[in-house]
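Asks: Just one file: input32.csv, with CSV, C-alpha atoms.
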```
chain,number,residue,atom,x,y,z
A,138,MET,CA,29.2,2.6,12.1
A,139,ASP,CA,31.3,3.2,9.0
A,140,LYS,CA,34.5,1.5,7.9
A,141,LYS,CA,36.8,4.0,9.6
A,142,ASN,CA,35.2,3.5,13.0
A,143,GLU,CA,35.0,-0.3,12.7
A,144,LYS,CA,37.3,-2.4,15.0
A,145,LEU,CA,38.3,-5.0,12.4
A,146,GLU,CA,40.3,-7.3,14.7
A,147,GLU,CA,37.5,-7.3,17.3
A,148,LEU,CA,34.9,-8.0,14.6
A,149,LEU,CA,37.0,-10.9,13.1
A,150,GLY,CA,37.5,-12.2,16.7
A,151,ARG,CA,33.8,-13.0,16.8
A,152,PHE,CA,34.3,-15.7,14.2
A,153,MET,CA,37.9,-16.9,14.8
A,154,ASN,CA,40.5,-17.1,17.6
A,155,ASP,CA,42.7,-14.0,18.5
A,156,GLU,CA,45.7,-15.1,16.5
A,157,GLN,CA,43.6,-15.9,13.3
A,158,ALA,CA,41.7,-12.7,13.7
A,159,HIS,CA,45.0,-10.7,14.0
A,160,GLU,CA,46.4,-12.4,10.8
A,161,ALA,CA,43.1,-11.9,8.9
A,162,ALA,CA,43.1,-8.2,9.8
A,163,GLU,CA,46.7,-7.9,8.6
A,164,ASP,CA,45.8,-9.6,5.3
A,165,MET,CA,42.9,-7.2,4.7
A,166,LEU,CA,44.9,-4.1,5.6
A,167,ALA,CA,47.7,-5.2,3.3
A,168,ALA,CA,45.4,-5.8,0.4
A,169,GLU,CA,43.8,-2.4,0.9
A,170,GLN,CA,47.2,-0.9,0.8
A,171,LEU,CA,47.8,-2.5,-2.5
A,172,LEU,CA,44.6,-1.2,-3.9
A,173,ARG,CA,45.4,2.3,-2.6
A,174,LYS,CA,48.9,2.1,-4.2
A,175,ASN,CA,47.5,1.1,-7.5
A,176,GLN,CA,44.5,3.4,-7.9
A,177,ALA,CA,42.0,2.7,-10.6
A,178,PRO,CA,41.8,5.4,-13.3
A,179,GLU,CA,39.5,8.4,-12.6
A,180,PRO,CA,36.5,9.3,-14.8
A,181,ASP,CA,37.3,11.8,-17.5
A,182,SER,CA,36.1,15.4,-16.9
A,183,LYS,CA,34.3,15.2,-20.3
A,184,LEU,CA,32.4,12.2,-19.1
A,185,LEU,CA,31.4,14.0,-15.9
A,186,ASN,CA,30.2,17.0,-17.9
A,187,LEU,CA,28.3,14.6,-20.2
A,188,ILE,CA,26.7,12.9,-17.2
A,189,LYS,CA,25.6,16.3,-15.8
A,190,GLU,CA,24.1,17.3,-19.1
A,191,GLN,CA,22.2,13.9,-19.2
A,192,ILE,CA,20.9,14.5,-15.7
A,193,ALA,CA,19.7,18.1,-16.6
A,194,GLU,CA,18.0,16.6,-19.7
A,195,GLU,CA,16.4,13.8,-17.6
A,196,LEU,CA,15.2,16.3,-15.0
A,197,HIS,CA,13.7,18.5,-17.8
A,198,VAL,CA,11.8,15.5,-19.2
A,199,GLN,CA,10.7,14.6,-15.7
A,200,HIS,CA,9.5,18.1,-15.1
A,201,ARG,CA,7.5,18.2,-18.3
A,202,HIS,CA,6.0,14.8,-17.5
A,203,ARG,CA,5.1,15.9,-14.0
A,204,SER,CA,3.6,19.2,-15.3
A,205,ALA,CA,1.5,17.2,-17.8
A,206,VAL,CA,0.3,14.8,-15.1
A,207,ARG,CA,-0.5,17.8,-12.8
A,208,ALA,CA,-2.5,19.5,-15.6
A,209,LEU,CA,-4.4,16.3,-16.3
A,210,LYS,CA,-5.2,15.9,-12.6
A,211,VAL,CA,-6.5,19.5,-12.4
A,212,LEU,CA,-8.6,18.8,-15.5
A,213,ALA,CA,-9.9,15.6,-14.0
A,214,ALA,CA,-10.7,17.3,-10.7
A,215,ALA,CA,-12.5,20.2,-12.5
A,216,ALA,CA,-14.5,17.7,-14.6
A,217,ALA,CA,-15.4,15.7,-11.4
A,218,ILE,CA,-16.5,19.0,-9.7
A,219,ILE,CA,-18.7,20.0,-12.7
A,220,ILE,CA,-20.3,16.5,-12.9
A,221,ALA,CA,-20.9,16.5,-9.1
A,222,ALA,CA,-22.4,20.0,-9.2
A,223,THR,CA,-24.7,19.1,-12.1
A,224,ILE,CA,-25.9,15.9,-10.4
A,225,GLY,CA,-26.3,17.8,-7.0
A,226,TYR,CA,-28.3,20.5,-8.7
A,227,GLN,CA,-30.6,18.0,-10.3
A,228,VAL,CA,-31.0,16.1,-7.1
A,229,PHE,CA,-31.8,19.1,-4.9
A,230,ASN,CA,-33.7,21.2,-7.5
A,231,PRO,CA,-35.9,18.7,-9.4
A,232,GLN,CA,-37.5,20.1,-12.6
A,233,ILE,CA,-40.4,18.3,-14.3
A,234,GLU,CA,-39.7,17.9,-17.9
A,235,PRO,CA,-42.4,19.3,-20.2
A,236,GLY,CA,-44.4,16.6,-22.0
A,237,ARG,CA,-43.7,13.8,-19.5
A,238,ASN,CA,-45.0,14.7,-16.1
A,239,GLY,CA,-45.7,18.3,-16.9
A,240,ILE,CA,-48.8,20.4,-16.5
A,241,ILE,CA,-51.5,19.5,-19.1
A,242,MET,CA,-53.0,23.0,-19.2
A,243,ALA,CA,-52.2,26.4,-17.7
A,244,SER,CA,-53.8,27.1,-14.3
A,245,SER,CA,-55.5,30.3,-15.8
A,246,VAL,CA,-57.2,28.0,-18.3
A,247,TRP,CA,-58.0,25.4,-15.6
A,248,GLU,CA,-59.7,28.1,-13.4
A,249,SER,CA,-61.7,29.7,-16.3
A,250,ASP,CA,-65.3,28.8,-17.2
A,251,ASP,CA,-65.3,30.5,-20.6
A,252,LEU,CA,-64.3,27.9,-23.1
A,253,SER,CA,-64.3,30.4,-26.0
A,254,ILE,CA,-61.7,32.5,-24.2
A,255,ASP,CA,-59.6,29.5,-23.2
A,256,ASP,CA,-59.6,28.0,-26.7
A,257,PRO,CA,-60.2,30.3,-29.6
A,258,GLN,CA,-60.8,27.3,-31.9
A,259,LEU,CA,-63.8,26.3,-29.8
A,260,SER,CA,-65.5,29.7,-29.9
A,261,PRO,CA,-67.4,29.3,-33.3
A,262,ILE,CA,-68.7,25.9,-32.1
A,263,VAL,CA,-69.7,27.4,-28.8
A,264,ALA,CA,-71.5,30.2,-30.6
A,265,GLN,CA,-73.4,27.7,-32.8
A,266,VAL,CA,-74.4,25.6,-29.8
A,267,GLU,CA,-75.6,28.7,-28.0
A,268,GLU,CA,-77.6,29.7,-31.1
A,269,VAL,CA,-79.2,26.3,-31.4
A,270,GLU,CA,-80.0,26.4,-27.7
A,271,GLY,CA,-81.7,29.8,-28.1
A,272,GLY,CA,-83.7,28.6,-31.1
A,273,MET,CA,-84.9,25.6,-29.1
A,274,GLY,CA,-86.1,27.9,-26.3
A,275,ASP,CA,-88.3,29.9,-28.8
A,276,THR,CA,-89.8,26.8,-30.2
A,277,ASP,CA,-90.8,25.6,-26.7
A,278,GLU,CA,-92.4,28.9,-25.8
A,279,ASP,CA,-94.4,28.9,-29.1
A,280,PHE,CA,-95.4,25.3,-28.5
A,281,VAL,CA,-96.7,26.1,-25.0
A,282,GLN,CA,-98.5,29.2,-26.1
A,283,ASN,CA,-100.2,27.5,-29.1
A,284,ASP,CA,-101.0,24.5,-27.1
A,285,VAL,CA,-102.7,26.5,-24.3
A,286,SER,CA,-105.0,28.5,-26.7
A,287,GLY,CA,-105.9,25.3,-28.6
A,288,VAL,CA,-107.0,23.6,-25.4
A,289,ASP,CA,-109.0,26.6,-24.4
A,290,GLU,CA,-110.9,26.7,-27.7
A,291,LEU,CA,-111.6,23.1,-27.5
A,292,GLU,CA,-112.9,23.4,-24.0
A,293,MET,CA,-115.2,26.3,-25.0
A,294,GLU,CA,-116.6,24.2,-27.9
A,295,LEU,CA,-117.2,21.3,-25.7
A,296,LEU,CA,-119.0,23.4,-23.1
A,297,ALA,CA,-121.2,24.9,-25.9
A,298,VAL,CA,-122.0,21.5,-27.3
A,299,ASN,CA,-122.9,20.2,-23.8
A,300,GLU,CA,-125.2,23.1,-23.2
A,301,ASP,CA,-126.8,22.8,-26.5
A,302,PHE,CA,-127.4,19.1,-26.1
A,303,TRP,CA,-129.5,19.6,-23.0
A,304,LYS,CA,-131.5,22.2,-24.8
A,305,GLY,CA,-132.4,19.7,-27.4
A,306,TYR,CA,-130.4,20.9,-30.4
B,181,MET,CA,35.4,18.1,-3.1
B,182,ASN,CA,35.7,17.7,0.7
B,183,GLU,CA,33.2,15.1,1.9
B,184,LYS,CA,33.2,16.4,5.4
B,185,ASN,CA,31.8,19.7,4.4
B,186,ILE,CA,28.9,18.2,2.6
B,187,ASP,CA,25.5,17.8,4.2
B,188,LEU,CA,24.5,14.6,2.4
B,189,PRO,CA,20.8,14.6,3.7
B,190,GLN,CA,20.3,18.1,2.4
B,191,LEU,CA,22.0,17.2,-0.9
B,192,ILE,CA,19.6,14.2,-1.3
B,193,ALA,CA,16.6,16.4,-0.4
B,194,GLY,CA,17.7,18.9,-3.1
B,195,CYS,CA,18.0,16.0,-5.6
B,196,LYS,CA,14.5,14.8,-4.7
B,197,GLN,CA,13.2,18.3,-5.5
B,198,GLY,CA,14.8,18.1,-8.9
B,199,ASP,CA,17.6,20.6,-8.2
B,200,VAL,CA,20.3,20.3,-10.9
B,201,ASP,CA,23.0,21.8,-8.7
B,202,SER,CA,22.4,19.1,-6.0
B,203,TYR,CA,22.8,16.4,-8.6
B,204,ASN,CA,25.9,18.0,-9.9
B,205,GLU,CA,27.4,17.9,-6.4
B,206,LEU,CA,26.3,14.3,-6.0
B,207,VAL,CA,28.1,13.4,-9.2
B,208,ASP,CA,31.3,15.2,-8.0
B,209,LEU,CA,31.0,13.4,-4.7
B,210,TYR,CA,30.4,9.8,-6.0
B,211,ALA,CA,31.7,9.6,-9.6
B,212,LYS,CA,35.3,8.7,-8.6
B,213,LYS,CA,34.3,6.0,-6.2
B,214,LEU,CA,31.7,4.5,-8.5
B,215,TYR,CA,33.9,4.7,-11.5
B,216,GLY,CA,36.7,2.9,-9.6
B,217,PHE,CA,34.1,0.2,-8.5
B,218,PHE,CA,33.0,-0.4,-12.1
B,219,TYR,CA,36.5,-0.2,-13.5
B,220,ARG,CA,37.9,-2.7,-11.0
B,221,LEU,CA,35.1,-5.1,-11.8
B,222,SER,CA,35.1,-4.7,-15.6
B,223,GLY,CA,38.7,-3.8,-16.2
B,224,ASN,CA,37.4,-1.7,-19.1
B,225,ARG,CA,37.1,2.1,-19.4
B,226,ALA,CA,34.4,2.1,-22.0
B,227,VAL,CA,32.2,-0.2,-19.9
B,228,SER,CA,32.9,1.8,-16.8
B,229,ASN,CA,31.9,5.0,-18.7
B,230,ASP,CA,28.6,3.5,-19.8
B,231,LEU,CA,27.8,2.0,-16.4
B,232,LEU,CA,28.6,5.3,-14.6
B,233,SER,CA,26.4,7.3,-17.0
B,234,GLU,CA,23.6,4.8,-16.7
B,235,LEU,CA,23.8,4.8,-12.9
B,236,PHE,CA,23.4,8.5,-12.6
B,237,VAL,CA,20.4,8.5,-15.0
B,238,LYS,CA,18.9,5.7,-12.9
B,239,LEU,CA,19.6,7.8,-9.8
B,240,VAL,CA,17.4,10.6,-11.2
B,241,GLU,CA,14.6,8.2,-11.9
B,242,ARG,CA,14.8,6.4,-8.6
B,243,ILE,CA,15.9,9.0,-6.0
B,244,ASP,CA,12.4,9.2,-4.7
B,245,LYS,CA,12.6,5.5,-3.7
B,246,PHE,CA,15.4,6.3,-1.3
B,247,ARG,CA,13.6,6.5,2.1
B,248,GLY,CA,16.6,7.7,4.2
B,249,GLY,CA,19.3,5.7,6.0
B,250,ASN,CA,22.5,4.6,4.5
B,251,PHE,CA,22.8,6.4,1.1
B,252,ASN,CA,26.3,4.8,0.5
B,253,GLY,CA,24.7,1.4,0.8
B,254,TRP,CA,21.8,2.3,-1.4
B,255,ILE,CA,23.8,3.8,-4.2
B,256,PHE,CA,26.3,0.9,-4.2
B,257,ARG,CA,23.4,-1.5,-4.3
B,258,VAL,CA,22.1,0.3,-7.4
B,259,ALA,CA,25.7,0.1,-8.8
B,260,SER,CA,25.9,-3.6,-8.0
B,261,ASN,CA,22.5,-4.3,-9.7
B,262,LEU,CA,23.7,-2.5,-12.8
B,263,TRP,CA,26.9,-4.5,-12.8
B,264,HIS,CA,24.9,-7.8,-12.6
B,265,ASP,CA,22.6,-6.6,-15.4
B,266,TRP,CA,25.7,-5.9,-17.5
B,267,LEU,CA,27.2,-9.3,-16.7
B,268,ARG,CA,24.0,-11.1,-17.7
B,269,ALA,CA,23.7,-9.1,-21.0
B,270,LYS,CA,27.4,-9.9,-21.7
B,271,GLN,CA,26.7,-13.6,-21.1
B,272,ARG,CA,23.8,-13.5,-23.5
B,273,ASP,CA,26.0,-11.7,-26.1
B,274,VAL,CA,28.8,-14.3,-25.7
B,275,LYS,CA,26.3,-17.2,-26.3
B,276,ALA,CA,25.1,-15.5,-29.4
B,277,MET,CA,28.5,-14.6,-30.6
B,278,ASP,CA,29.6,-15.7,-34.1
B,279,ALA,CA,33.1,-15.8,-35.6
B,280,ARG,CA,32.9,-12.2,-36.6
B,281,ALA,CA,31.9,-11.1,-33.1
B,282,GLU,CA,34.7,-13.2,-31.6
B,283,GLN,CA,37.2,-11.2,-33.7
B,284,LEU,CA,35.7,-8.0,-32.4
B,285,ARG,CA,36.0,-9.2,-28.8
B,286,GLU,CA,39.6,-10.0,-29.3
B,287,LYS,CA,40.1,-6.4,-30.6
B,288,GLN,CA,38.3,-5.1,-27.6
B,289,GLN,CA,40.5,-7.0,-25.3
B,290,LEU,CA,43.5,-5.4,-27.0
B,291,ASP,CA,42.0,-2.0,-26.5
B,292,GLU,CA,41.3,-2.8,-22.8
B,293,GLN,CA,45.0,-3.6,-22.3
B,294,LYS,CA,45.9,-0.2,-23.9
B,295,ASP,CA,43.5,1.4,-21.3
B,296,SER,CA,45.7,0.3,-18.4
B,297,ASP,CA,47.6,3.2,-17.1
B,298,ASP,CA,50.8,1.4,-15.9
B,299,GLU,CA,52.2,-2.1,-15.5
B,300,ALA,CA,51.4,-2.5,-11.8
B,301,SER,CA,47.9,-1.4,-12.2
B,302,GLU,CA,47.5,-3.7,-15.1
B,303,LEU,CA,48.9,-6.5,-13.0
B,304,LEU,CA,46.4,-5.7,-10.2
B,305,ASP,CA,43.6,-5.8,-12.8
B,306,LYS,CA,44.7,-9.2,-13.9
B,307,GLN,CA,45.0,-10.6,-10.4
B,308,LEU,CA,41.6,-9.2,-9.5
B,309,LYS,CA,40.2,-11.0,-12.6
B,310,ARG,CA,41.5,-14.3,-11.1
B,311,LEU,CA,39.2,-13.9,-8.2
B,312,ASP,CA,35.6,-15.1,-8.5
B,313,ASP,CA,33.1,-12.4,-9.5
B,314,ASP,CA,31.3,-12.4,-6.1
B,315,THR,CA,34.5,-12.0,-4.0
B,316,ARG,CA,35.9,-9.4,-6.3
B,317,GLU,CA,32.6,-7.4,-6.0
B,318,LEU,CA,32.6,-7.6,-2.3
B,319,ILE,CA,36.2,-6.4,-2.0
B,320,MET,CA,35.5,-3.5,-4.3
B,321,MET,CA,32.4,-2.6,-2.4
B,322,ARG,CA,34.3,-2.6,0.8
B,323,TYR,CA,37.1,-0.5,-0.7
B,324,TYR,CA,35.1,2.1,-2.7
B,325,SER,CA,32.0,2.5,-0.6
B,326,ASP,CA,33.7,2.9,2.8
B,327,MET,CA,30.9,0.8,4.3
B,328,SER,CA,31.5,-1.3,7.4
B,329,PHE,CA,31.2,-5.1,7.0
B,330,LYS,CA,27.9,-5.0,8.9
B,331,GLU,CA,26.5,-2.5,6.3
B,332,ILE,CA,27.9,-4.6,3.4
B,333,ALA,CA,26.2,-7.7,4.9
B,334,GLU,CA,22.9,-5.8,5.1
B,335,VAL,CA,23.2,-4.5,1.5
B,336,ARG,CA,24.0,-7.9,0.2
B,337,GLY,CA,21.6,-9.7,2.4
B,338,GLU,CA,24.2,-12.2,3.5
B,339,PRO,CA,25.3,-13.1,7.1
B,340,LEU,CA,28.2,-11.0,8.5
B,341,GLY,CA,30.4,-14.1,9.0
B,342,THR,CA,30.0,-15.1,5.3
B,343,VAL,CA,30.9,-11.6,4.1
B,344,LEU,CA,33.9,-11.4,6.4
B,345,SER,CA,35.1,-14.8,5.3
B,346,LYS,CA,34.7,-14.1,1.6
B,347,VAL,CA,36.5,-10.8,1.8
B,348,HIS,CA,39.3,-12.1,3.9
B,349,ARG,CA,40.0,-15.1,1.6
B,350,GLY,CA,39.9,-12.8,-1.5
B,351,MET,CA,42.2,-10.2,0.0
B,352,LYS,CA,44.6,-12.8,1.3
B,353,LYS,CA,44.7,-14.3,-2.2
B,354,LEU,CA,45.2,-10.9,-3.8
B,355,ARG,CA,48.0,-10.1,-1.4
B,356,GLU,CA,49.8,-13.4,-2.1
B,357,MET,CA,49.5,-13.1,-5.9
B,358,MET,CA,50.9,-9.5,-5.8
B,359,GLU,CA,53.7,-10.5,-3.5
B,360,GLN,CA,54.6,-13.5,-5.8
B,361,TYR,CA,54.9,-11.0,-8.7
B,362,ASP,CA,57.1,-8.6,-6.6
B,363,HIS,CA,59.4,-11.4,-5.6
B,364,GLY,CA,59.4,-12.9,-9.0
```
Could you express the structure from this file as C-alpha cells?

Replies:
Amino acid sequence: MDKKNEKLEELLGRFMNDEQAHEAAEDMLAAEQLLRKNQAPEPDSKLLNLIKEQIAEELHVQHRHRSAVRALKVLAAAAAIIIAATIGYQVFNPQIEPGRNGIIMASSVWESDDLSIDDPQLSPIVAQVEEVEGGMGDTDEDFVQNDVSGVDELEMELLAVNEDFWKGY
Amino acid sequence: MNEKNIDLPQLIAGCKQGDVDSYNELVDLYAKKLYGFFYRLSGNRAVSNDLLSELFVKLVERIDKFRGGNFNGWIFRVASNLWHDWLRAKQRDVKAMDARAEQLREKQQLDEQKDSDDEASELLDKQLKRLDDDTRELIMMRYYSDMSFKEIAEVRGEPLGTVLSKVHRGMKKLREMMEQYDHG
C-alpha cells in the first residue's frame, strides 16, 4: 500500500484515541501542504545531462570490464579443457617412454639366431671364433688319424717281437 | 514525465541489462524527488548536485542487487545511506577544520543563502534545520518517496509506532513554527 491509499487517521488510531488521531492527521496534512507550497528547487537540466553522461560512461566501463572477465573465463575454460584432454589421453592411452620401461631390443633381433646380422660390430668376432673352431676341428682329426696309425705300428712291432722271442731270437 | 505510464519493473529490467535509455528514463523519473530530498536535508544546491550524481552512479553499480519489491523504498534507502555518509564526512571535516577552513565555511554559508529561491522557501529551510536530523529525514522520506508509513518503517528498520510518532511530532513542530512566522 502506498501513501495515497493509506488511511492515515485509521493508522494513527492504532496508537492513540480517535480525537488524538484526528488531530495528528490534521497536523501531518497541514505540514505536507506547507512543503507542497514551498517546493524545493529542481535539479538543473545541465546537471541531469551530466548525470546521464556519467551513467553512459559508467555503463561503458562496466561493459568493458564484463567483456574482459568473459574473455578471461573463456580462456580459463579452454585451458581447463586442454589440460583435461591431455590428462585423459595420457590416462586412457598409456605410452611407455623409451629408455625407462621401453623395449631393450627389437623383436626382429630377439627372434633372430644370426648374431652377425643382428649386430654388424659382432660379425668379425664371430668370423674369428668360427675360424678358430674350424682349426680346432682339423687338429683333432689329425691327432686321431696319427694316433691310430702309431698304435697299429706299435702293436705290429710287439707281435713280431713276441713271435721272435718264442723262436729263440 | 507521467509516472502512471511508466512500467517500472520493465524499466528496472532494462537498467539491469545495461540499457542507457532505461537509465535515462529512471533519471527523469526520480531526479526531482531525490534532489528535493537531498536539498531539504542539506539546504545546499552544490551538495544536492553532488549527492544526486553520486546516487545515480551508485545505482548503476548496484542495480543488480535490487531483487524486486519496493523500488521506491530501495532507492530512498540508498539515498539515505549516501546522506549519512556525507554527514559523517562533514563531521570529520569540521573536527579537522582550522581557522582558514572556518572562513571558507562561512563563505559557503553565505552562498547557501543566495541559493534560496525566495523568502518563504528560505524560511522553511531554516525551520527544517531546527528539527533534529532523524526527524527531518523521516519527514522528507515520507514527502518525497510517496511511501506509506509501513514501508518507511520497513526501510528504516524501526517500529511503525516510532516512525509515526517521530513524523507527527516533527510535522506538528514545523507547522507551528511556520504559523508563528505567518502571524508574526

Asks: Find, counting all atoms listed in the file, the residue in A:Ile188, A:Leu166, A:Val228, A:Met153 that gets nearest to chain B.

Replies: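 Closest to chain B of all the choices is A:Ile188.
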
Asks: How many Å lie between CA of Gln360 (chain B) and CA of Val347 (chain B), rounded to one decimal?

Replies: 19.8 Å

Asks: Find the nearest atom pair between each residue of chain A and chain B for residues within 9 Å, count only C-alpha atoms, give distances in Å to one decimal, sort rows by chain and ascending number, and present the table as CSV.

Replies:
```
residue,atom,partner,partner_atom,distance
A:Met138,CA,B:Ser328,CA,6.5
A:Asp139,CA,B:Ser328,CA,4.8
A:Lys140,CA,B:Ser328,CA,4.1
A:Lys141,CA,B:Asp326,CA,7.6
A:Asn142,CA,B:Ser328,CA,8.3
A:Glu143,CA,B:Ser328,CA,6.4
A:Leu145,CA,B:Phe329,CA,8.9
A:Leu148,CA,B:Leu344,CA,8.9
A:Leu149,CA,B:Leu344,CA,7.4
A:Arg151,CA,B:Gly341,CA,8.6
A:Phe152,CA,B:Gly341,CA,6.7
A:Ala161,CA,B:His348,CA,6.3
A:Ala162,CA,B:His348,CA,8.0
A:Asp164,CA,B:Lys352,CA,5.3
A:Met165,CA,B:Met351,CA,5.6
A:Leu166,CA,B:Met351,CA,8.7
A:Ala167,CA,B:Arg355,CA,6.8
A:Ala168,CA,B:Arg355,CA,5.3
A:Glu169,CA,B:Tyr323,CA,7.1
A:Leu171,CA,B:Arg355,CA,7.7
A:Leu172,CA,B:Leu304,CA,7.9
A:Arg173,CA,B:Tyr323,CA,9.0
A:Lys174,CA,B:Ser301,CA,8.8
A:Asn175,CA,B:Ser301,CA,5.3
A:Gln176,CA,B:Ser301,CA,7.3
A:Ala177,CA,B:Gly216,CA,5.4
A:Pro178,CA,B:Gly216,CA,6.8
A:Glu179,CA,B:Lys212,CA,5.8
A:Pro180,CA,B:Tyr215,CA,6.2
A:Asp181,CA,B:Asn229,CA,8.8
A:Leu184,CA,B:Asn229,CA,7.2
A:Leu185,CA,B:Val207,CA,7.5
A:Leu187,CA,B:Ser233,CA,8.2
A:Ile188,CA,B:Ser233,CA,5.6
A:Lys189,CA,B:Asn204,CA,6.1
A:Gln191,CA,B:Val237,CA,7.1
A:Ile192,CA,B:Val237,CA,6.1
A:Ala193,CA,B:Val200,CA,6.1
A:Glu195,CA,B:Val237,CA,7.1
A:Leu196,CA,B:Gly198,CA,6.4
A:His197,CA,B:Gly198,CA,9.0
A:Gln199,CA,B:Glu241,CA,8.4
A:His200,CA,B:Gly198,CA,8.2
```

Asks: What's the separation between CA of Glu194 (chain A) and CA of Arg257 (chain B), in Å to one decimal place?

Replies: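 Going from CA of Glu194 (chain A) over to CA of Arg257 (chain B) covers 24.4 Å.
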
Asks: To one decimal place, how far is CA of Leu188 (chain B) from CA of Asp244 (chain B) in Å?

Replies: 15.0 Å
